[in-house]
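Raw structure_32.txt, compact mmCIF, C-alpha atoms:
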```txt
# COMPACT_ATOMS: atom_id res chain seq x y z
CA MET D 1 0.00 0.00 0.00
CA ILE D 2 1.46 3.30 -1.10
CA LYS D 3 0.28 6.58 0.39
CA ILE D 4 -0.31 9.38 -2.08
CA LEU D 5 -1.22 12.90 -1.04
CA LEU D 6 -3.86 14.78 -3.02
CA ALA D 7 -2.88 18.43 -3.20
CA THR D 8 -6.35 19.88 -2.81
CA ASN D 9 -8.73 20.83 -0.05
CA ASN D 10 -11.72 20.70 -2.37
CA ALA D 11 -13.98 18.00 -0.92
CA GLY D 12 -15.80 17.47 -4.21
CA LYS D 13 -12.56 16.82 -6.05
CA LEU D 14 -11.32 14.47 -3.33
CA ASN D 15 -14.52 12.42 -3.43
CA GLU D 16 -14.49 12.22 -7.23
CA MET D 17 -10.88 11.06 -7.31
CA ALA D 18 -11.33 8.53 -4.50
CA GLN D 19 -14.33 7.15 -6.38
CA ILE D 20 -12.32 6.70 -9.58
CA VAL D 21 -9.42 5.04 -7.73
CA LYS D 22 -11.94 2.59 -6.31
CA GLU D 23 -13.77 1.96 -9.58
CA GLU D 24 -10.50 1.23 -11.35
CA GLY D 25 -9.53 -1.27 -8.64
CA PHE D 26 -6.53 0.62 -7.33
CA ASP D 27 -7.88 1.16 -3.83
CA LYS D 28 -6.05 -1.92 -2.54
CA ARG D 29 -2.73 -0.44 -3.64
CA ILE D 30 -3.16 3.30 -3.23
CA LYS D 31 -4.27 5.08 -0.09
CA LEU D 32 -5.22 8.64 -0.86
CA ILE D 33 -4.27 11.08 1.89
CA THR D 34 -5.67 14.59 2.17
CA PRO D 35 -3.91 17.70 3.47
CA ARG D 36 -6.50 17.72 6.26
CA ASP D 37 -5.47 14.17 7.30
CA LEU D 38 -1.96 15.55 7.85
CA GLY D 39 -3.07 18.80 9.48
CA MET D 40 -1.44 20.68 6.60
CA ASP D 41 -2.44 24.26 5.92
CA LEU D 42 -0.73 25.22 2.70
CA GLU D 43 -1.81 27.73 0.07
CA VAL D 44 0.05 27.70 -3.23
CA ASP D 45 -0.08 30.71 -5.56
CA GLU D 46 -0.89 29.56 -9.09
CA THR D 47 1.70 31.75 -10.76
CA GLY D 48 2.42 29.41 -13.69
CA SER D 49 1.61 30.19 -17.30
CA THR D 50 0.25 26.73 -18.19
CA PHE D 51 -2.00 24.10 -16.60
CA PHE D 52 1.10 21.94 -16.18
CA ASP D 53 3.07 24.69 -14.43
CA ASN D 54 0.29 25.29 -11.92
CA ALA D 55 -0.34 21.59 -11.26
CA TYR D 56 3.39 21.01 -10.83
CA LEU D 57 3.76 23.98 -8.46
CA LYS D 58 1.01 22.53 -6.26
CA ALA D 59 2.27 18.93 -6.39
CA LYS D 60 5.84 19.94 -5.56
CA ALA D 61 4.90 22.29 -2.73
CA PHE D 62 2.68 19.72 -1.01
CA ALA D 63 5.17 16.89 -1.62
CA ASP D 64 8.12 18.85 -0.29
CA GLN D 65 6.24 19.81 2.86
CA SER D 66 4.74 16.37 3.53
CA GLY D 67 7.52 14.12 2.19
CA LEU D 68 4.83 12.10 0.38
CA PRO D 69 4.39 11.44 -3.34
CA THR D 70 1.66 13.83 -4.39
CA ILE D 71 -0.95 14.26 -7.13
CA ALA D 72 -2.22 17.71 -8.10
CA ASP D 73 -4.28 18.96 -11.00
CA ASP D 74 -5.11 22.13 -12.79
CA SER D 75 -7.97 22.49 -15.21
CA GLY D 76 -10.05 24.95 -17.15
CA LEU D 77 -12.10 25.80 -20.19
CA VAL D 78 -10.23 26.40 -23.45
CA ILE D 79 -12.20 28.18 -26.18
CA ASP D 80 -10.76 28.10 -29.70
CA ALA D 81 -12.35 31.37 -30.84
CA LEU D 82 -10.84 33.15 -27.80
CA ASP D 83 -7.32 31.81 -28.46
CA GLY D 84 -7.60 29.35 -25.61
CA LYS D 85 -9.09 31.69 -23.01
CA PRO D 86 -10.15 31.60 -20.22
CA GLY D 87 -7.68 28.66 -19.89
CA ILE D 88 -5.65 28.83 -16.69
CA TYR D 89 -7.74 31.84 -15.63
CA SER D 90 -11.03 29.90 -15.79
CA ALA D 91 -11.64 30.05 -12.04
CA ARG D 92 -10.60 33.71 -11.81
CA TRP D 93 -12.47 34.91 -14.93
CA GLY D 94 -15.23 36.51 -12.87
CA ARG D 95 -16.51 36.69 -9.29
CA ASP D 96 -18.95 33.80 -9.59
CA ASP D 97 -20.17 31.21 -12.08
CA GLU D 98 -22.88 33.53 -13.42
CA GLU D 99 -20.45 36.36 -14.10
CA ARG D 100 -17.94 33.99 -15.69
CA ILE D 101 -20.58 32.45 -17.95
CA ASN D 102 -21.89 35.86 -19.02
CA LYS D 103 -18.39 37.01 -19.84
CA VAL D 104 -17.90 34.02 -22.17
CA LEU D 105 -21.29 34.48 -23.85
CA THR D 106 -20.61 38.18 -24.42
CA ALA D 107 -17.17 37.50 -25.88
CA LEU D 108 -18.71 34.94 -28.27
CA LYS D 109 -21.88 36.86 -29.15
CA ASP D 110 -20.85 37.32 -32.81
CA VAL D 111 -19.29 33.87 -33.22
CA PRO D 112 -21.50 31.53 -35.30
CA SER D 113 -22.63 28.13 -34.03
CA ASP D 114 -20.10 26.11 -35.99
CA GLN D 115 -17.12 28.07 -34.69
CA ARG D 116 -17.74 27.76 -30.95
CA GLN D 117 -15.46 24.74 -30.32
CA ALA D 118 -14.17 24.41 -26.77
CA ALA D 119 -12.70 21.85 -24.41
CA PHE D 120 -12.50 21.30 -20.70
CA VAL D 121 -8.84 20.42 -20.15
CA ALA D 122 -7.33 18.84 -17.03
CA VAL D 123 -3.63 18.31 -16.44
CA MET D 124 -2.74 15.92 -13.65
CA VAL D 125 0.74 15.79 -12.17
CA PHE D 126 2.29 13.11 -9.95
CA TYR D 127 5.50 14.22 -8.19
CA HIS D 128 7.74 12.10 -6.00
CA PRO D 129 9.78 14.24 -3.57
CA GLN D 130 12.58 11.70 -3.11
CA THR D 131 13.24 10.44 -6.65
CA LEU D 132 11.90 13.59 -8.38
CA THR D 133 10.02 11.35 -10.83
CA THR D 134 7.24 13.41 -12.38
CA ILE D 135 4.34 12.16 -14.47
CA LYS D 136 1.92 14.36 -16.37
CA THR D 137 -1.32 13.19 -17.95
CA VAL D 138 -3.91 15.19 -19.85
CA GLY D 139 -7.67 14.74 -20.10
CA ARG D 140 -9.99 16.59 -22.49
CA MET D 141 -13.75 16.83 -22.83
CA GLU D 142 -14.69 18.39 -26.18
CA GLY D 143 -17.77 20.45 -26.83
CA MET D 144 -19.28 23.63 -28.24
CA ILE D 145 -20.18 26.76 -26.29
CA ALA D 146 -23.97 27.06 -26.27
CA LYS D 147 -25.77 30.36 -26.89
CA GLU D 148 -27.38 30.23 -23.44
CA PRO D 149 -27.07 28.24 -20.21
CA THR D 150 -29.05 25.00 -19.87
CA GLY D 151 -29.15 22.41 -17.07
CA GLN D 152 -28.91 22.46 -13.28
CA ASN D 153 -26.17 19.92 -12.46
CA GLY D 154 -22.43 20.39 -12.13
CA PHE D 155 -20.83 23.77 -11.61
CA GLY D 156 -18.63 26.35 -13.33
CA TYR D 157 -19.07 26.52 -17.09
CA ASP D 158 -21.06 23.24 -17.28
CA PRO D 159 -24.38 24.93 -18.30
CA ILE D 160 -22.86 26.42 -21.50
CA MET D 161 -20.69 23.42 -22.46
CA PHE D 162 -22.74 21.52 -25.04
CA VAL D 163 -21.59 18.00 -25.95
CA PRO D 164 -22.87 17.25 -29.49
CA SER D 165 -22.54 13.45 -29.21
CA LEU D 166 -24.84 13.49 -26.17
CA ASN D 167 -27.02 16.38 -27.38
CA LYS D 168 -26.80 17.82 -23.85
CA THR D 169 -24.87 20.39 -21.91
CA VAL D 170 -22.58 19.05 -19.20
CA ALA D 171 -25.00 20.55 -16.65
CA GLN D 172 -27.69 18.20 -18.01
CA LEU D 173 -25.61 15.08 -17.24
CA THR D 174 -25.98 13.11 -14.02
CA PRO D 175 -22.92 13.21 -11.74
CA ALA D 176 -22.17 9.58 -12.70
CA GLN D 177 -22.31 10.37 -16.42
CA LYS D 178 -20.10 13.40 -15.94
CA ASN D 179 -17.51 11.48 -13.88
CA LYS D 180 -17.20 8.92 -16.62
CA LEU D 181 -16.48 11.50 -19.31
CA SER D 182 -14.87 14.32 -17.38
CA HIS D 183 -11.49 15.74 -18.24
CA ARG D 184 -10.27 15.18 -14.69
CA GLY D 185 -11.52 11.59 -14.70
CA GLN D 186 -9.72 10.89 -17.98
CA ALA D 187 -6.46 12.35 -16.74
CA LEU D 188 -6.63 10.29 -13.54
CA ARG D 189 -7.56 7.09 -15.41
CA GLN D 190 -4.48 7.56 -17.55
CA LEU D 191 -2.28 8.22 -14.54
CA LEU D 192 -3.32 5.22 -12.43
CA PRO D 193 -1.94 2.39 -14.60
CA ILE D 194 1.28 4.30 -15.10
CA LEU D 195 1.66 4.68 -11.34
CA GLN D 196 0.84 1.04 -10.79
CA ALA D 197 4.10 -0.02 -12.41
CA GLY D 198 6.07 1.70 -9.72
CA LEU D 199 3.94 0.74 -6.75
CA GLY D 200 5.71 -1.64 -4.46
CA LYS D 201 9.02 -0.46 -5.84
CA PRO D 202 10.71 1.86 -3.39
CA ASP D 203 12.17 3.96 -6.15
CA LEU D 204 9.19 5.24 -8.07
CA MET K 205 5.65 -4.29 -29.31
CA ILE K 206 5.69 -0.53 -28.94
CA LYS K 207 8.00 1.63 -31.03
CA ILE K 208 9.76 4.40 -29.16
CA LEU K 209 11.94 6.98 -30.86
CA LEU K 210 15.18 8.03 -29.17
CA ALA K 211 15.71 11.74 -29.79
CA THR K 212 19.46 11.60 -30.32
CA ASN K 213 21.90 11.00 -33.13
CA ASN K 214 24.71 10.15 -30.70
CA ALA K 215 25.64 6.54 -31.49
CA GLY K 216 27.26 6.01 -28.08
CA LYS K 217 24.12 7.08 -26.28
CA LEU K 218 21.92 4.92 -28.52
CA ASN K 219 24.05 1.83 -27.89
CA GLU K 220 24.13 2.43 -24.14
CA MET K 221 20.36 2.82 -23.98
CA ALA K 222 19.64 -0.20 -26.20
CA GLN K 223 21.94 -2.24 -23.95
CA ILE K 224 20.06 -1.20 -20.81
CA VAL K 225 16.66 -1.92 -22.38
CA LYS K 226 17.95 -5.41 -23.18
CA GLU K 227 19.53 -6.03 -19.77
CA GLU K 228 16.32 -5.04 -18.03
CA GLY K 229 14.33 -7.44 -20.21
CA PHE K 230 12.24 -4.83 -22.01
CA ASP K 231 13.55 -5.59 -25.49
CA LYS K 232 10.60 -7.88 -26.17
CA ARG K 233 8.19 -5.03 -25.54
CA ILE K 234 10.04 -1.93 -26.69
CA LYS K 235 11.62 -1.42 -30.07
CA LEU K 236 13.92 1.57 -30.01
CA ILE K 237 13.89 3.57 -33.24
CA THR K 238 16.55 6.11 -34.15
CA PRO K 239 16.10 9.34 -36.13
CA ARG K 240 18.36 7.78 -38.76
CA ASP K 241 15.98 4.79 -39.11
CA LEU K 242 13.27 7.30 -40.06
CA GLY K 243 15.48 9.45 -42.27
CA MET K 244 14.86 12.37 -39.90
CA ASP K 245 17.20 15.32 -39.91
CA LEU K 246 16.14 17.51 -37.02
CA GLU K 247 18.25 19.85 -34.91
CA VAL K 248 16.66 21.22 -31.74
CA ASP K 249 18.08 24.32 -30.06
CA GLU K 250 18.52 23.68 -26.35
CA THR K 251 17.10 27.01 -25.26
CA GLY K 252 15.65 25.79 -21.95
CA SER K 253 16.85 26.88 -18.54
CA THR K 254 16.78 23.43 -16.93
CA PHE K 255 17.74 19.86 -17.85
CA PHE K 256 14.03 19.06 -17.95
CA ASP K 257 13.22 21.95 -20.30
CA ASN K 258 15.89 20.89 -22.78
CA ALA K 259 15.00 17.20 -22.65
CA TYR K 260 11.31 18.05 -23.08
CA LEU K 261 12.04 20.38 -26.04
CA LYS K 262 13.90 17.56 -27.78
CA ALA K 263 11.34 14.85 -26.98
CA LYS K 264 8.41 16.99 -28.12
CA ALA K 265 10.06 18.17 -31.34
CA PHE K 266 11.03 14.64 -32.42
CA ALA K 267 7.66 13.20 -31.35
CA ASP K 268 5.66 15.86 -33.15
CA GLN K 269 7.62 15.35 -36.37
CA SER K 270 7.61 11.52 -36.27
CA GLY K 271 4.25 10.88 -34.61
CA LEU K 272 6.00 8.37 -32.33
CA PRO K 273 6.30 8.35 -28.54
CA THR K 274 9.79 9.64 -27.88
CA ILE K 275 12.48 9.53 -25.20
CA ALA K 276 15.05 12.33 -24.89
CA ASP K 277 17.55 13.21 -22.22
CA ASP K 278 19.64 16.10 -21.07
CA SER K 279 22.52 15.78 -18.68
CA GLY K 280 25.50 17.53 -17.21
CA LEU K 281 27.86 18.11 -14.33
CA VAL K 282 26.54 20.04 -11.34
CA ILE K 283 29.20 21.40 -8.95
CA ASP K 284 28.02 22.61 -5.55
CA ALA K 285 30.84 25.15 -5.04
CA LEU K 286 29.98 26.72 -8.42
CA ASP K 287 26.26 27.06 -7.62
CA GLY K 288 25.43 24.17 -9.93
CA LYS K 289 27.58 25.15 -12.89
CA PRO K 290 28.37 24.09 -15.55
CA GLY K 291 24.92 22.36 -15.37
CA ILE K 292 22.97 22.67 -18.60
CA TYR K 293 26.03 24.32 -20.18
CA SER K 294 28.29 21.32 -19.51
CA ALA K 295 28.73 20.45 -23.19
CA ARG K 296 29.21 24.09 -24.20
CA TRP K 297 31.55 25.07 -21.32
CA GLY K 298 34.62 24.99 -23.56
CA ARG K 299 35.67 23.93 -27.05
CA ASP K 300 36.79 20.42 -26.09
CA ASP K 301 37.01 18.12 -23.08
CA GLU K 302 40.47 19.39 -22.15
CA GLU K 303 39.40 23.03 -22.15
CA ARG K 304 36.23 22.23 -20.20
CA ILE K 305 38.16 20.26 -17.57
CA ASN K 306 40.77 23.01 -17.18
CA LYS K 307 38.05 25.59 -16.74
CA VAL K 308 36.53 23.58 -13.87
CA LEU K 309 39.91 22.97 -12.19
CA THR K 310 40.79 26.68 -12.41
CA ALA K 311 37.42 27.73 -10.97
CA LEU K 312 37.92 25.31 -8.06
CA LYS K 313 41.65 25.94 -7.47
CA ASP K 314 41.09 27.49 -4.02
CA VAL K 315 38.31 25.11 -2.97
CA PRO K 316 39.52 22.55 -0.38
CA SER K 317 39.13 18.79 -0.90
CA ASP K 318 36.13 18.37 1.34
CA GLN K 319 34.10 21.06 -0.43
CA ARG K 320 34.35 19.77 -4.01
CA GLN K 321 31.02 17.86 -4.08
CA ALA K 322 29.54 17.37 -7.55
CA ALA K 323 27.05 15.18 -9.37
CA PHE K 324 26.47 14.01 -12.90
CA VAL K 325 22.73 14.58 -13.40
CA ALA K 326 20.58 13.14 -16.18
CA VAL K 327 16.95 13.98 -16.80
CA MET K 328 15.07 11.64 -19.08
CA VAL K 329 11.74 12.59 -20.64
CA PHE K 330 9.18 10.36 -22.33
CA TYR K 331 6.60 12.25 -24.40
CA HIS K 332 3.60 10.80 -26.21
CA PRO K 333 2.46 13.02 -29.10
CA GLN K 334 -1.13 11.76 -29.15
CA THR K 335 -2.05 11.61 -25.45
CA LEU K 336 0.50 14.26 -24.33
CA THR K 337 1.43 12.01 -21.40
CA THR K 338 4.86 13.07 -20.20
CA ILE K 339 7.13 11.22 -17.78
CA LYS K 340 10.30 12.64 -16.26
CA THR K 341 12.88 10.62 -14.35
CA VAL K 342 16.14 11.78 -12.80
CA GLY K 343 19.43 9.94 -12.32
CA ARG K 344 22.40 11.16 -10.27
CA MET K 345 25.95 9.95 -9.85
CA GLU K 346 27.61 11.65 -6.88
CA GLY K 347 31.29 12.40 -6.56
CA MET K 348 34.00 14.93 -5.76
CA ILE K 349 35.97 16.99 -8.27
CA ALA K 350 39.58 15.73 -8.22
CA LYS K 351 42.55 18.13 -8.22
CA GLU K 352 43.80 16.68 -11.52
CA PRO K 353 42.56 14.36 -14.27
CA THR K 354 43.09 10.59 -13.87
CA GLY K 355 42.03 7.67 -16.09
CA GLN K 356 41.61 7.06 -19.81
CA ASN K 357 38.06 5.72 -20.20
CA GLY K 358 34.82 7.55 -20.77
CA PHE K 359 34.66 11.12 -22.00
CA GLY K 360 33.74 14.63 -20.92
CA TYR K 361 34.38 15.37 -17.25
CA ASP K 362 34.92 11.69 -16.33
CA PRO K 363 38.68 12.10 -15.56
CA ILE K 364 38.04 14.67 -12.78
CA MET K 365 34.90 13.04 -11.32
CA PHE K 366 36.18 11.03 -8.34
CA VAL K 367 33.77 8.52 -6.78
CA PRO K 368 34.83 8.05 -3.12
CA SER K 369 33.03 4.72 -2.61
CA LEU K 370 35.02 3.23 -5.51
CA ASN K 371 38.21 5.21 -4.84
CA LYS K 372 38.40 5.88 -8.59
CA THR K 373 37.52 8.55 -11.09
CA VAL K 374 34.78 7.72 -13.56
CA ALA K 375 37.47 7.58 -16.26
CA GLN K 376 39.06 4.68 -14.35
CA LEU K 377 35.90 2.56 -14.54
CA THR K 378 35.30 -0.01 -17.27
CA PRO K 379 32.41 0.83 -19.62
CA ALA K 380 30.35 -1.93 -17.98
CA GLN K 381 30.98 -0.51 -14.49
CA LYS K 382 30.13 2.99 -15.64
CA ASN K 383 26.90 1.88 -17.37
CA LYS K 384 25.73 0.26 -14.16
CA LEU K 385 26.22 3.40 -12.10
CA SER K 386 25.76 6.17 -14.60
CA HIS K 387 23.25 8.96 -14.18
CA ARG K 388 21.74 8.21 -17.62
CA GLY K 389 21.47 4.51 -16.82
CA GLN K 390 19.70 5.25 -13.54
CA ALA K 391 17.22 7.61 -15.19
CA LEU K 392 16.43 5.04 -17.89
CA ARG K 393 16.10 2.18 -15.38
CA GLN K 394 13.54 4.26 -13.49
CA LEU K 395 11.66 5.10 -16.66
CA LEU K 396 11.33 1.57 -18.08
CA PRO K 397 9.05 0.03 -15.42
CA ILE K 398 6.85 3.11 -15.47
CA LEU K 399 6.50 2.82 -19.23
CA GLN K 400 5.80 -0.88 -18.97
CA ALA K 401 2.45 -0.22 -17.32
CA GLY K 402 1.22 1.55 -20.39
CA LEU K 403 2.68 -0.76 -22.99
CA GLY K 404 0.01 -2.66 -24.81
CA LYS K 405 -2.48 0.00 -23.87
CA PRO K 406 -3.19 2.25 -26.83
CA ASP K 407 -3.63 5.25 -24.62
CA LEU K 408 -0.30 5.63 -22.85
```
Output the file's structure in the form of structure tokens.
Amino acid sequence: MIKILLATNNAGKLNEMAQIVKEEGFDKRIKLITPRDLGMDLEVDETGSTFFDNAYLKAKAFADQSGLPTIADDSGLVIDALDGKPGIYSARWGRDDEERINKVLTALKDVPSDQRQAAFVAVMVFYHPQTLTTIKTVGRMEGMIAKEPTGQNGFGYDPIMFVPSLNKTVAQLTPAQKNKLSHRGQALRQLLPILQAGLGKPDL
Amino acid sequence: MIKILLATNNAGKLNEMAQIVKEEGFDKRIKLITPRDLGMDLEVDETGSTFFDNAYLKAKAFADQSGLPTIADDSGLVIDALDGKPGIYSARWGRDDEERINKVLTALKDVPSDQRQAAFVAVMVFYHPQTLTTIKTVGRMEGMIAKEPTGQNGFGYDPIMFVPSLNKTVAQLTPAQKNKLSHRGQALRQLLPILQAGLGKPDL
């Protein structure tokens, strides 16, 4: 059993990741630890210029303080017609979800339906503070920015992220459906089998 | 069998890495491809500010051009008393090995024997151009900078890199001994079992 710290205090994210670790059958080999379990109180400024930079900053800071191998992530909405914005600024793009959504809809008001491609992107980083081994995986959920919000589930930009293959916005998916498809879920599902190779070896 | 491109045209490095892949029993699962095999003629400027940056630049450039998952490395000599120099500039520190070695010995001429700690550091990067999964491993070979060159084997800074536990400079080791201990060998031996987890899966 290897202990891995999750560099987040977001309870929703912790639950989602623990659920995926269990579903994928890794819960016998990986014990996820939270900063709260360790009594850690660490804030990391997200000063990087990419999702990877910010995820790495968080993973390294928590790993160096705890001495434990650590997983962190950074994620956001990337809109083609806005040259990738809001990107790493997705969470800081406005004061609340409503303001953030309105800002996107205003910026895209003259962009026609077939040019509103976007993706939720998640970058997940594993960092080992002793060996310095670092693993990055990327998850994407593709869609189109809708003209108006629809749906009550999820959070953030979910109500305006329309997934053509499902004919629904992400906010119209059940939590279980969203977990299966989500960018963060994909990034973690890619990371787990890679980590598995090193589990039980002292030098991962 | 997964094909992995090695982002180097250095025949010595290619042979060393192929040898390690074979010794570790991965040659049934990994087929190493060289740029020459593909008729590639690509030069990548090492403009990064860290070993990782430079190794990543090389891996990504070769992977993007070939479409193949790619391994690249960057390595150098890190001397504590010189704040980590020559570091990423190790190969560009002088016109030839003799000039580079003399430059180090001159810089350290007033540094006493017990303060001449140094390490050969290698950073190895695996990059997958379709999934963007990136894996970094680090190998180190610790030593002390000798007062004068000794030994005829190896290359680069080997004649002034004294390994106390062996009571020899790296240039006094046989190629087989050096391969076993080398920073590049360690980084690759850490990378192989991590890669193994994803082999056979289309989405590593």
Which residue, D:Phe62, D:Tyr89, D:Phe120, D:Phe26, has the smallest gap to Leu181 in chain D when you use all atoms listed in the file?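 Checking each candidate against Leu181 in chain D, we get D:Phe120 as the closest.
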Expressed in Å to a single decimal, how great is the separation between CA of Asn153 in chain D and CA of Arg140 in chain D?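 If I compute the distance from CA of Asn153 in chain D to CA of Arg140 in chain D, I get 19.3 Å.
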Give the residues of chain K that lie within 12 Å of chain D; count all atoms listed in the file, and format the answer as a PyMOL selection string. chain K and resi 256+325-344+390-408
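Using all atoms listed in the file, the protein and nucleic acid residues lying at most 12 Å from the point (7.5, 14.2, -39.4) are Pro239, Leu242, Gly243, Met244, Asp245, Leu246, Lys264, Ala265, Phe266, Ala267, Asp268, Gln269, Ser270, Gly271, Leu272 and Pro333 of chain K.
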For Asn306 in chain K, find every residue with an atom within 12 Å (counting all atoms listed in the file), except residues of its own chain fewer than 4 positions away, and show them as a list in words.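 The residues satisfying every condition are Trp297, Gly298, Arg299, Asp300, Asp301, Glu302, Thr310, Ala311, Leu312, Lys313, Ile349, Ala350, Lys351, Glu352, Pro353, Gly360, Tyr361, Pro363 and Ile364 of chain K.
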State, in Å with one decimal place, the distance from CA of Ile283 in chain K to CA of Ala323 in chain K.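 One can read the CA of Ile283 in chain K to CA of Ala323 in chain K distance as 6.6 Å.
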Length of the CA of Asn54 in chain D to CA of Asn10 in chain D vector [Å]: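 CA of Asn10 in chain D lies 16.0 Å from CA of Asn54 in chain D.
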Test item: residues at most 9 Å from Thr8 in chain D, all atoms listed in the file, excluding those fewer than 4 positions along its chain, as a CSV table (one decimal) with C-alpha atoms, in the coordinates of the input:
```csv
chain,number,residue,atom,x,y,z
D,13,LYS,CA,-12.6,16.8,-6.0
D,14,LEU,CA,-11.3,14.5,-3.3
D,34,THR,CA,-5.7,14.6,2.2
D,35,PRO,CA,-3.9,17.7,3.5
D,58,LYS,CA,1.0,22.5,-6.3
D,71,ILE,CA,-1.0,14.3,-7.1
D,72,ALA,CA,-2.2,17.7,-8.1
D,73,ASP,CA,-4.3,19.0,-11.0
```
May I have the residues within 12 Å of Met141 in chain D as JSON, numbers by chain, using only C-alpha atoms and disregarding those fewer than 3 positions away in the same chain? {"D": [75, 76, 77, 78, 79, 117, 118, 119, 120, 121, 122, 138, 144, 158, 161, 162, 163, 164, 165, 169, 170, 178, 179, 180, 181, 182, 183, 184, 185, 186, 187]}
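Take the candidates D:Gly151, D:Gly48, D:Gly87, D:Gly25 and check each one against Lys168 in chain D using all atoms listed in the file; the shortest distance goes to D:Gly151.
Neighbourhood of point (-2.6, 15.2, -1.3): residues with an atom at most 6 Å away, counting only C-alpha atoms, are Leu5, Leu6, Ala7, Ile33, Thr34, Pro35 and Thr70 of chain D.
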